[in-house]
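Trainee: Contents of entry08.pdb (PDB, C-alpha atoms, pLDDT in the B column):
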```
ATOM      1  CA  MET A  77      35.689 -35.720  18.294  1.00 88.00           C
ATOM      2  CA  ASP A  78      37.907 -33.660  16.082  1.00 94.00           C
ATOM      3  CA  GLU A  79      37.365 -31.994  12.711  1.00 94.00           C
ATOM      4  CA  LEU A  80      38.049 -35.190  10.754  1.00 95.00           C
ATOM      5  CA  ASP A  81      35.433 -37.077  12.778  1.00 94.00           C
ATOM      6  CA  ARG A  82      32.896 -34.300  12.176  1.00 93.00           C
ATOM      7  CA  ASN A  83      33.689 -34.316   8.446  1.00 95.00           C
ATOM      8  CA  ILE A  84      33.226 -38.107   8.274  1.00 95.00           C
ATOM      9  CA  ILE A  85      29.884 -37.831  10.078  1.00 93.00           C
ATOM     10  CA  GLY A  86      28.823 -34.971   7.802  1.00 90.00           C
ATOM     11  CA  LEU A  87      29.550 -36.942   4.637  1.00 92.00           C
ATOM     12  CA  LEU A  88      27.880 -40.084   5.974  1.00 92.00           C
ATOM     13  CA  GLY A  89      24.894 -38.011   7.089  1.00 86.00           C
ATOM     14  CA  ALA A  90      24.406 -36.961   3.476  1.00 84.00           C
ATOM     15  CA  ASP A  91      25.040 -40.477   2.095  1.00 88.00           C
ATOM     16  CA  ALA A  92      25.275 -43.349   4.577  1.00 89.00           C
ATOM     17  CA  ARG A  93      26.302 -45.704   1.749  1.00 91.00           C
ATOM     18  CA  MET A  94      29.490 -43.792   0.972  1.00 93.00           C
ATOM     19  CA  SER A  95      32.421 -46.201   0.812  1.00 94.00           C
ATOM     20  CA  VAL A  96      35.603 -45.932   2.868  1.00 95.00           C
ATOM     21  CA  ALA A  97      37.508 -45.346  -0.377  1.00 96.00           C
ATOM     22  CA  THR A  98      35.271 -42.404  -1.325  1.00 96.00           C
ATOM     23  CA  LEU A  99      35.492 -40.929   2.181  1.00 96.00           C
ATOM     24  CA  SER A 100      39.268 -41.272   1.976  1.00 96.00           C
ATOM     25  CA  ARG A 101      39.451 -39.473  -1.391  1.00 96.00           C
ATOM     26  CA  ARG A 102      37.090 -36.662  -0.379  1.00 95.00           C
ATOM     27  CA  LEU A 103      38.822 -36.020   2.950  1.00 96.00           C
ATOM     28  CA  LYS A 104      42.329 -36.598   1.550  1.00 96.00           C
ATOM     29  CA  VAL A 105      43.398 -39.107   4.211  1.00 96.00           C
ATOM     30  CA  ALA A 106      44.430 -42.754   4.086  1.00 96.00           C
ATOM     31  CA  ARG A 107      41.746 -45.446   3.907  1.00 96.00           C
ATOM     32  CA  SER A 108      43.190 -47.045   7.033  1.00 96.00           C
ATOM     33  CA  THR A 109      42.703 -43.747   8.885  1.00 96.00           C
ATOM     34  CA  ILE A 110      39.052 -43.575   7.818  1.00 96.00           C
ATOM     35  CA  GLN A 111      38.487 -47.216   8.775  1.00 96.00           C
ATOM     36  CA  ALA A 112      40.077 -46.710  12.211  1.00 96.00           C
ATOM     37  CA  ARG A 113      38.030 -43.567  12.804  1.00 96.00           C
ATOM     38  CA  LEU A 114      34.796 -45.314  11.815  1.00 96.00           C
ATOM     39  CA  GLU A 115      35.547 -48.234  14.135  1.00 95.00           C
ATOM     40  CA  ARG A 116      36.228 -45.840  17.017  1.00 95.00           C
ATOM     41  CA  LEU A 117      33.099 -43.779  16.308  1.00 95.00           C
ATOM     42  CA  GLU A 118      31.025 -46.986  16.231  1.00 94.00           C
ATOM     43  CA  THR A 119      32.635 -48.462  19.367  1.00 94.00           C
ATOM     44  CA  THR A 120      32.134 -45.284  21.391  1.00 95.00           C
ATOM     45  CA  GLY A 121      28.508 -44.995  20.291  1.00 94.00           C
ATOM     46  CA  VAL A 122      28.920 -41.793  18.298  1.00 94.00           C
ATOM     47  CA  ILE A 123      27.727 -43.720  15.241  1.00 93.00           C
ATOM     48  CA  ALA A 124      24.855 -45.950  16.338  1.00 91.00           C
ATOM     49  CA  GLY A 125      24.102 -47.394  12.910  1.00 89.00           C
ATOM     50  CA  TYR A 126      23.685 -46.717   9.224  1.00 86.00           C
ATOM     51  CA  THR A 127      20.229 -46.168   7.844  1.00 80.00           C
ATOM     52  CA  LEU A 128      18.215 -44.611   5.091  1.00 74.00           C
ATOM     53  CA  LYS A 129      16.417 -41.303   5.267  1.00 72.00           C
ATOM     54  CA  LEU A 130      12.971 -41.145   3.707  1.00 69.00           C
ATOM     55  CA  GLY A 131      12.317 -38.336   1.260  1.00 68.00           C
ATOM     56  CA  GLU A 132       9.127 -36.381   0.737  1.00 66.00           C
ATOM     57  CA  GLY A 133       7.938 -38.971  -1.799  1.00 68.00           C
ATOM     58  CA  ALA A 134       7.822 -41.644   0.898  1.00 66.00           C
ATOM     59  CA  ARG A 135       6.159 -39.286   3.358  1.00 64.00           C
ATOM     60  CA  GLN A 136       3.272 -38.499   1.029  1.00 68.00           C
ATOM     61  CA  GLY A 137       0.055 -39.940   2.323  1.00 73.00           C
ATOM     62  CA  ARG A 138       1.270 -39.681   5.928  1.00 86.00           C
ATOM     63  CA  LEU A 139      -0.103 -36.971   8.155  1.00 92.00           C
ATOM     64  CA  ARG A 140       2.534 -35.943  10.681  1.00 93.00           C
ATOM     65  CA  ALA A 141       1.983 -34.103  13.933  1.00 96.00           C
ATOM     66  CA  SER A 142       3.789 -33.033  17.076  1.00 97.00           C
ATOM     67  CA  VAL A 143       1.915 -33.422  20.338  1.00 98.00           C
ATOM     68  CA  LEU A 144       2.933 -31.540  23.478  1.00 98.00           C
ATOM     69  CA  LEU A 145       1.885 -33.209  26.735  1.00 97.00           C
ATOM     70  CA  THR A 146       1.646 -31.930  30.273  1.00 97.00           C
ATOM     71  CA  ILE A 147       1.647 -34.843  32.690  1.00 97.00           C
ATOM     72  CA  GLU A 148       1.139 -35.507  36.389  1.00 95.00           C
ATOM     73  CA  PRO A 149       4.282 -35.780  38.541  1.00 91.00           C
ATOM     74  CA  ARG A 150       5.688 -39.315  38.683  1.00 93.00           C
ATOM     75  CA  ALA A 151       3.358 -40.506  35.892  1.00 95.00           C
ATOM     76  CA  GLN A 152       5.996 -40.570  33.162  1.00 96.00           C
ATOM     77  CA  ALA A 153       6.882 -44.287  33.335  1.00 95.00           C
ATOM     78  CA  GLY A 154       3.274 -45.406  32.980  1.00 96.00           C
ATOM     79  CA  ILE A 155       2.575 -42.931  30.212  1.00 97.00           C
ATOM     80  CA  LEU A 156       5.658 -44.029  28.267  1.00 97.00           C
ATOM     81  CA  GLN A 157       4.568 -47.656  28.586  1.00 96.00           C
ATOM     82  CA  ARG A 158       1.178 -46.819  27.065  1.00 96.00           C
ATOM     83  CA  LEU A 159       2.696 -44.639  24.332  1.00 97.00           C
ATOM     84  CA  LYS A 160       4.951 -47.519  23.270  1.00 96.00           C
ATOM     85  CA  SER A 161       1.826 -49.543  22.474  1.00 96.00           C
ATOM     86  CA  ILE A 162       0.515 -46.896  20.033  1.00 97.00           C
ATOM     87  CA  ALA A 163       2.080 -47.665  16.638  1.00 95.00           C
ATOM     88  CA  GLU A 164       1.548 -44.155  15.287  1.00 96.00           C
ATOM     89  CA  VAL A 165       3.789 -42.651  17.986  1.00 97.00           C
ATOM     90  CA  GLU A 166       7.215 -42.546  16.347  1.00 94.00           C
ATOM     91  CA  ARG A 167       9.263 -40.628  18.914  1.00 95.00           C
ATOM     92  CA  VAL A 168       8.888 -39.312  22.452  1.00 97.00           C
ATOM     93  CA  PHE A 169      11.142 -36.598  23.874  1.00 97.00           C
ATOM     94  CA  THR A 170      11.283 -35.203  27.397  1.00 96.00           C
ATOM     95  CA  THR A 171      11.359 -31.407  27.427  1.00 96.00           C
ATOM     96  CA  SER A 172      11.908 -28.421  29.646  1.00 94.00           C
ATOM     97  CA  GLY A 173       9.412 -25.597  29.940  1.00 93.00           C
ATOM     98  CA  ARG A 174       5.608 -25.674  29.998  1.00 94.00           C
ATOM     99  CA  PHE A 175       5.323 -29.171  28.537  1.00 97.00           C
ATOM    100  CA  ASP A 176       6.789 -32.429  29.806  1.00 97.00           C
ATOM    101  CA  LEU A 177       6.775 -34.608  26.688  1.00 97.00           C
ATOM    102  CA  LEU A 178       6.976 -33.988  22.945  1.00 98.00           C
ATOM    103  CA  LEU A 179       5.578 -36.739  20.717  1.00 98.00           C
ATOM    104  CA  GLN A 180       6.087 -37.180  16.985  1.00 96.00           C
ATOM    105  CA  ILE A 181       3.160 -38.953  15.363  1.00 96.00           C
ATOM    106  CA  ALA A 182       2.512 -40.204  11.818  1.00 94.00           C
ATOM    107  CA  CYS A 183      -0.956 -41.267  10.635  1.00 95.00           C
ATOM    108  CA  PRO A 184      -2.451 -42.144   7.265  1.00 92.00           C
ATOM    109  CA  ASN A 185      -5.316 -39.628   7.599  1.00 93.00           C
ATOM    110  CA  THR A 186      -7.090 -37.185   9.919  1.00 93.00           C
ATOM    111  CA  GLN A 187      -9.520 -39.824  11.209  1.00 95.00           C
ATOM    112  CA  VAL A 188      -6.686 -41.979  12.528  1.00 96.00           C
ATOM    113  CA  LEU A 189      -4.924 -38.907  13.922  1.00 96.00           C
ATOM    114  CA  ASP A 190      -8.111 -37.948  15.769  1.00 96.00           C
ATOM    115  CA  GLN A 191      -8.391 -41.476  17.217  1.00 97.00           C
ATOM    116  CA  VAL A 192      -4.735 -41.460  18.303  1.00 97.00           C
ATOM    117  CA  LEU A 193      -5.103 -38.048  19.958  1.00 97.00           C
ATOM    118  CA  ASP A 194      -8.216 -39.280  21.799  1.00 96.00           C
ATOM    119  CA  GLN A 195      -6.320 -42.401  22.898  1.00 97.00           C
ATOM    120  CA  ILE A 196      -3.407 -40.314  24.195  1.00 97.00           C
ATOM    121  CA  GLY A 197      -5.802 -37.976  26.011  1.00 95.00           C
ATOM    122  CA  THR A 198      -7.306 -40.883  27.970  1.00 96.00           C
ATOM    123  CA  ILE A 199      -3.961 -42.129  29.328  1.00 97.00           C
ATOM    124  CA  THR A 200      -3.891 -41.888  33.116  1.00 96.00           C
ATOM    125  CA  GLY A 201      -1.570 -39.070  34.159  1.00 97.00           C
ATOM    126  CA  VAL A 202      -1.954 -36.931  31.032  1.00 97.00           C
ATOM    127  CA  LYS A 203      -3.174 -33.520  32.212  1.00 97.00           C
ATOM    128  CA  SER A 204      -3.339 -31.702  28.870  1.00 95.00           C
ATOM    129  CA  SER A 205      -2.148 -31.847  25.279  1.00 95.00           C
ATOM    130  CA  GLU A 206      -1.595 -29.505  22.378  1.00 96.00           C
ATOM    131  CA  SER A 207      -1.282 -30.750  18.793  1.00 96.00           C
ATOM    132  CA  LEU A 208       0.593 -29.211  15.883  1.00 97.00           C
ATOM    133  CA  ILE A 209      -0.007 -30.695  12.426  1.00 95.00           C
ATOM    134  CA  HIS A 210       3.027 -30.568  10.130  1.00 93.00           C
ATOM    135  CA  LEU A 211       2.140 -28.980   6.788  1.00 91.00           C
ATOM    136  CA  SER A 212       5.479 -29.218   4.995  1.00 85.00           C
ATOM    137  CA  THR A 213       9.177 -29.733   5.701  1.00 83.00           C
ATOM    138  CA  ARG A 214      11.171 -26.624   4.799  1.00 87.00           C
ATOM    139  CA  LEU A 215      14.513 -27.724   6.263  1.00 84.00           C
ATOM    140  CA  ASP A 216      15.731 -31.113   7.468  1.00 79.00           C
ATOM    141  CA  ARG A 217      19.333 -31.420   8.631  1.00 74.00           C
ATOM    142  CA  ALA A 218      18.701 -34.325  10.986  1.00 72.00           C
ATOM    143  CA  VAL A 219      21.457 -36.908  10.950  1.00 65.00           C
TER     144      VAL A 219
END
```
Represent the supplied structure as structure tokens.

Mentor:
Amino acid sequence: MDELDRNIIGLLGADARMSVATLSRRLKVARSTIQARLERLETTGVIAGYTLKLGEGARQGRLRASVLLTIEPRAQAGILQRLKSIAEVERVFTTSGRFDLLLQIACPNTQVLDQVLDQIGTITGVKSSESLIHLSTRLDRAV
């Protein structure tokens, strides 16, 4: 990836609906160049898709939390299978350090969050968990 690729990704990260013509004008390169770059970025998997990003208005009424899990050795596959069946679990990351997995959870209220945390705690192979409730988003640069 070169600077032009990074600039294309940056602009699309801010507005995934930006047209090839607009990208071309903003970056001062030919439309055919932008189109070829986009095709290459898509083919190589750098761009996996185009999507919308929910704002705070859409997140209202959703309680979000991060859950840090410590798990038994060789239990990860079974735990992941169970986590996939819990609709409130949005993302699961493997980590280095004290914890093995980082979960992102979204629930409509504290009662559901409590139930989900209890459900996660009963999964075979989960040794311990620590929960962090998100209060507000101060910075979001995720692309």

Trainee: Rounded to one decimal place, report the atom CA of Arg102 of chain A-atom CA of Leu88 of chain A distance in Å.

Mentor: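 A separation of 11.7 Å between them.
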
Trainee: How would you write, as a count of residues only, the residues chosen by the PyMOL selection byres ((chain A and resi 162) around 12) on this structure?

Mentor: 27

Trainee: Kindly indicate which residue among A:Glu148, A:Glu118, A:Asp91, A:Asp81 lies nearest to Ser204 of chain A, using all atoms listed in the file for the distances.

Mentor: A:Glu148

Trainee: Nearest to Asn83 of chain A among A:Leu114, A:Asp176, A:Ile209, A:Ala218, with distances taken over all atoms listed in the file: which residue is it?

Mentor: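 Ranking A:Leu114, A:Asp176, A:Ile209, A:Ala218 by distance to Asn83 of chain A, first place goes to A:Leu114.
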
Trainee: In Å, how far is it from atom CA of Ala153 of chain A to atom CA of Ser207 of chain A?

Mentor: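 Computed distance, atom CA of Ala153 of chain A to atom CA of Ser207 of chain A, equals 21.5 Å.
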
Trainee: Quote the spacing between atom CA of Ser172 of chain A and atom CA of Gly201 of chain A in Å to one decimal place.

Mentor: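 Distance between the two atoms: 17.8 Å.
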
Trainee: Extending 3 Å beyond the listed atoms of segment 197-208 of chain A on each side, what axis-aligned box results? I want centre and edge lengths in Å to one decimal, as JSON.

Mentor:
```
{"center_x": -3.4, "center_y": -35.7, "center_z": 25.0, "size_x": 13.9, "size_y": 18.9, "size_z": 24.3}
```

Trainee: Within 6 Å of (3.5, -32.6, 13.8), only C-alpha atoms: residues as a list in words?

Mentor: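 Within the cut-off we find Arg140, Ala141, Ser142, Leu208, Ile209 and His210 of chain A.
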
Trainee: Out of A:Phe175, A:Gln187, A:Arg217, A:Gln152, which residue has the shortest atom-to-atom distance to Gly86 of chain A when counting only C-alpha atoms?

Mentor: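 Ranking A:Phe175, A:Gln187, A:Arg217, A:Gln152 by distance to Gly86 of chain A, first place goes to A:Arg217.
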
Trainee: Name the closest residue to Ile85 of chain A among the candidates A:Ile110, A:Ile147, A:Lys203, A:Arg214; distances are taken between atoms, counting all atoms listed in the file.

Mentor: A:Ile110

Trainee: Evaluate the PyMOL selection byres ((chain A and resi 120-123) around 12) against this structure - the residues, as a PDB file with C-alpha atoms, in the frame of the given file, please.

Mentor:
```
ATOM      1  CA  MET A  77      35.689 -35.720  18.294  1.00 88.00           C
ATOM      2  CA  ASP A  81      35.433 -37.077  12.778  1.00 94.00           C
ATOM      3  CA  ARG A  82      32.896 -34.300  12.176  1.00 93.00           C
ATOM      4  CA  ILE A  84      33.226 -38.107   8.274  1.00 95.00           C
ATOM      5  CA  ILE A  85      29.884 -37.831  10.078  1.00 93.00           C
ATOM      6  CA  GLY A  86      28.823 -34.971   7.802  1.00 90.00           C
ATOM      7  CA  LEU A  88      27.880 -40.084   5.974  1.00 92.00           C
ATOM      8  CA  GLY A  89      24.894 -38.011   7.089  1.00 86.00           C
ATOM      9  CA  ALA A  92      25.275 -43.349   4.577  1.00 89.00           C
ATOM     10  CA  ARG A 113      38.030 -43.567  12.804  1.00 96.00           C
ATOM     11  CA  LEU A 114      34.796 -45.314  11.815  1.00 96.00           C
ATOM     12  CA  GLU A 115      35.547 -48.234  14.135  1.00 95.00           C
ATOM     13  CA  ARG A 116      36.228 -45.840  17.017  1.00 95.00           C
ATOM     14  CA  LEU A 117      33.099 -43.779  16.308  1.00 95.00           C
ATOM     15  CA  GLU A 118      31.025 -46.986  16.231  1.00 94.00           C
ATOM     16  CA  THR A 119      32.635 -48.462  19.367  1.00 94.00           C
ATOM     17  CA  ALA A 124      24.855 -45.950  16.338  1.00 91.00           C
ATOM     18  CA  GLY A 125      24.102 -47.394  12.910  1.00 89.00           C
ATOM     19  CA  TYR A 126      23.685 -46.717   9.224  1.00 86.00           C
ATOM     20  CA  THR A 127      20.229 -46.168   7.844  1.00 80.00           C
ATOM     21  CA  VAL A 219      21.457 -36.908  10.950  1.00 65.00           C
TER      22      VAL A 219
END
```

Trainee: Using all atoms listed in the file, find the one residue out of A:Leu144, A:Asp216, A:Arg107, A:Leu80 that sits nearest to Leu177 of chain A.

Mentor: A:Leu144

Trainee: Go through A:Lys129, A:Leu103, A:Arg93, A:Arg138 and flag the residue nearest Pro184 of chain A, using only C-alpha atoms for the distances.

Mentor: A:Arg138

Trainee: What does the PyMOL selection byres ((chain A and resi 96) around 8) select in this file, as a PyMOL selection string?

Mentor: chain A and resi 94-95+97-100+107+110-111

Trainee: Complete segment 167-182 of chain A at the level of N, CA and C atoms, written as a CSV table (one decimal), keeping the file's coordinate frame.

Mentor:
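Printed below is part.csv as written:
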```csv
chain,number,residue,atom,x,y,z
A,167,ARG,N,8.2,-41.1,18.0
A,167,ARG,CA,9.3,-40.6,18.9
A,167,ARG,C,8.6,-39.9,20.1
A,168,VAL,N,9.3,-40.0,21.2
A,168,VAL,CA,8.9,-39.3,22.5
A,168,VAL,C,10.1,-38.7,23.0
A,169,PHE,N,10.0,-37.4,23.3
A,169,PHE,CA,11.1,-36.6,23.9
A,169,PHE,C,10.7,-36.0,25.2
A,170,THR,N,11.6,-36.0,26.2
A,170,THR,CA,11.3,-35.2,27.4
A,170,THR,C,11.7,-33.8,27.1
A,171,THR,N,11.1,-32.8,27.7
A,171,THR,CA,11.4,-31.4,27.4
A,171,THR,C,11.4,-30.6,28.7
A,172,SER,N,12.0,-29.4,28.6
A,172,SER,CA,11.9,-28.4,29.6
A,172,SER,C,10.9,-27.4,29.3
A,173,GLY,N,10.4,-26.6,30.2
A,173,GLY,CA,9.4,-25.6,29.9
A,173,GLY,C,8.0,-26.0,30.3
A,174,ARG,N,7.0,-25.5,29.7
A,174,ARG,CA,5.6,-25.7,30.0
A,174,ARG,C,5.2,-27.1,29.8
A,175,PHE,N,5.8,-27.8,28.9
A,175,PHE,CA,5.3,-29.2,28.5
A,175,PHE,C,6.4,-30.2,29.0
A,176,ASP,N,5.9,-31.4,29.3
A,176,ASP,CA,6.8,-32.4,29.8
A,176,ASP,C,7.3,-33.4,28.7
A,177,LEU,N,6.4,-33.7,27.8
A,177,LEU,CA,6.8,-34.6,26.7
A,177,LEU,C,6.4,-34.0,25.3
A,178,LEU,N,7.2,-34.3,24.3
A,178,LEU,CA,7.0,-34.0,22.9
A,178,LEU,C,6.9,-35.3,22.2
A,179,LEU,N,5.8,-35.5,21.5
A,179,LEU,CA,5.6,-36.7,20.7
A,179,LEU,C,5.6,-36.4,19.2
A,180,GLN,N,6.2,-37.3,18.4
A,180,GLN,CA,6.1,-37.2,17.0
A,180,GLN,C,5.2,-38.3,16.5
A,181,ILE,N,4.2,-38.0,15.8
A,181,ILE,CA,3.2,-39.0,15.4
A,181,ILE,C,3.0,-38.9,13.8
A,182,ALA,N,2.8,-40.1,13.3
A,182,ALA,CA,2.5,-40.2,11.8
A,182,ALA,C,1.3,-41.1,11.6
```
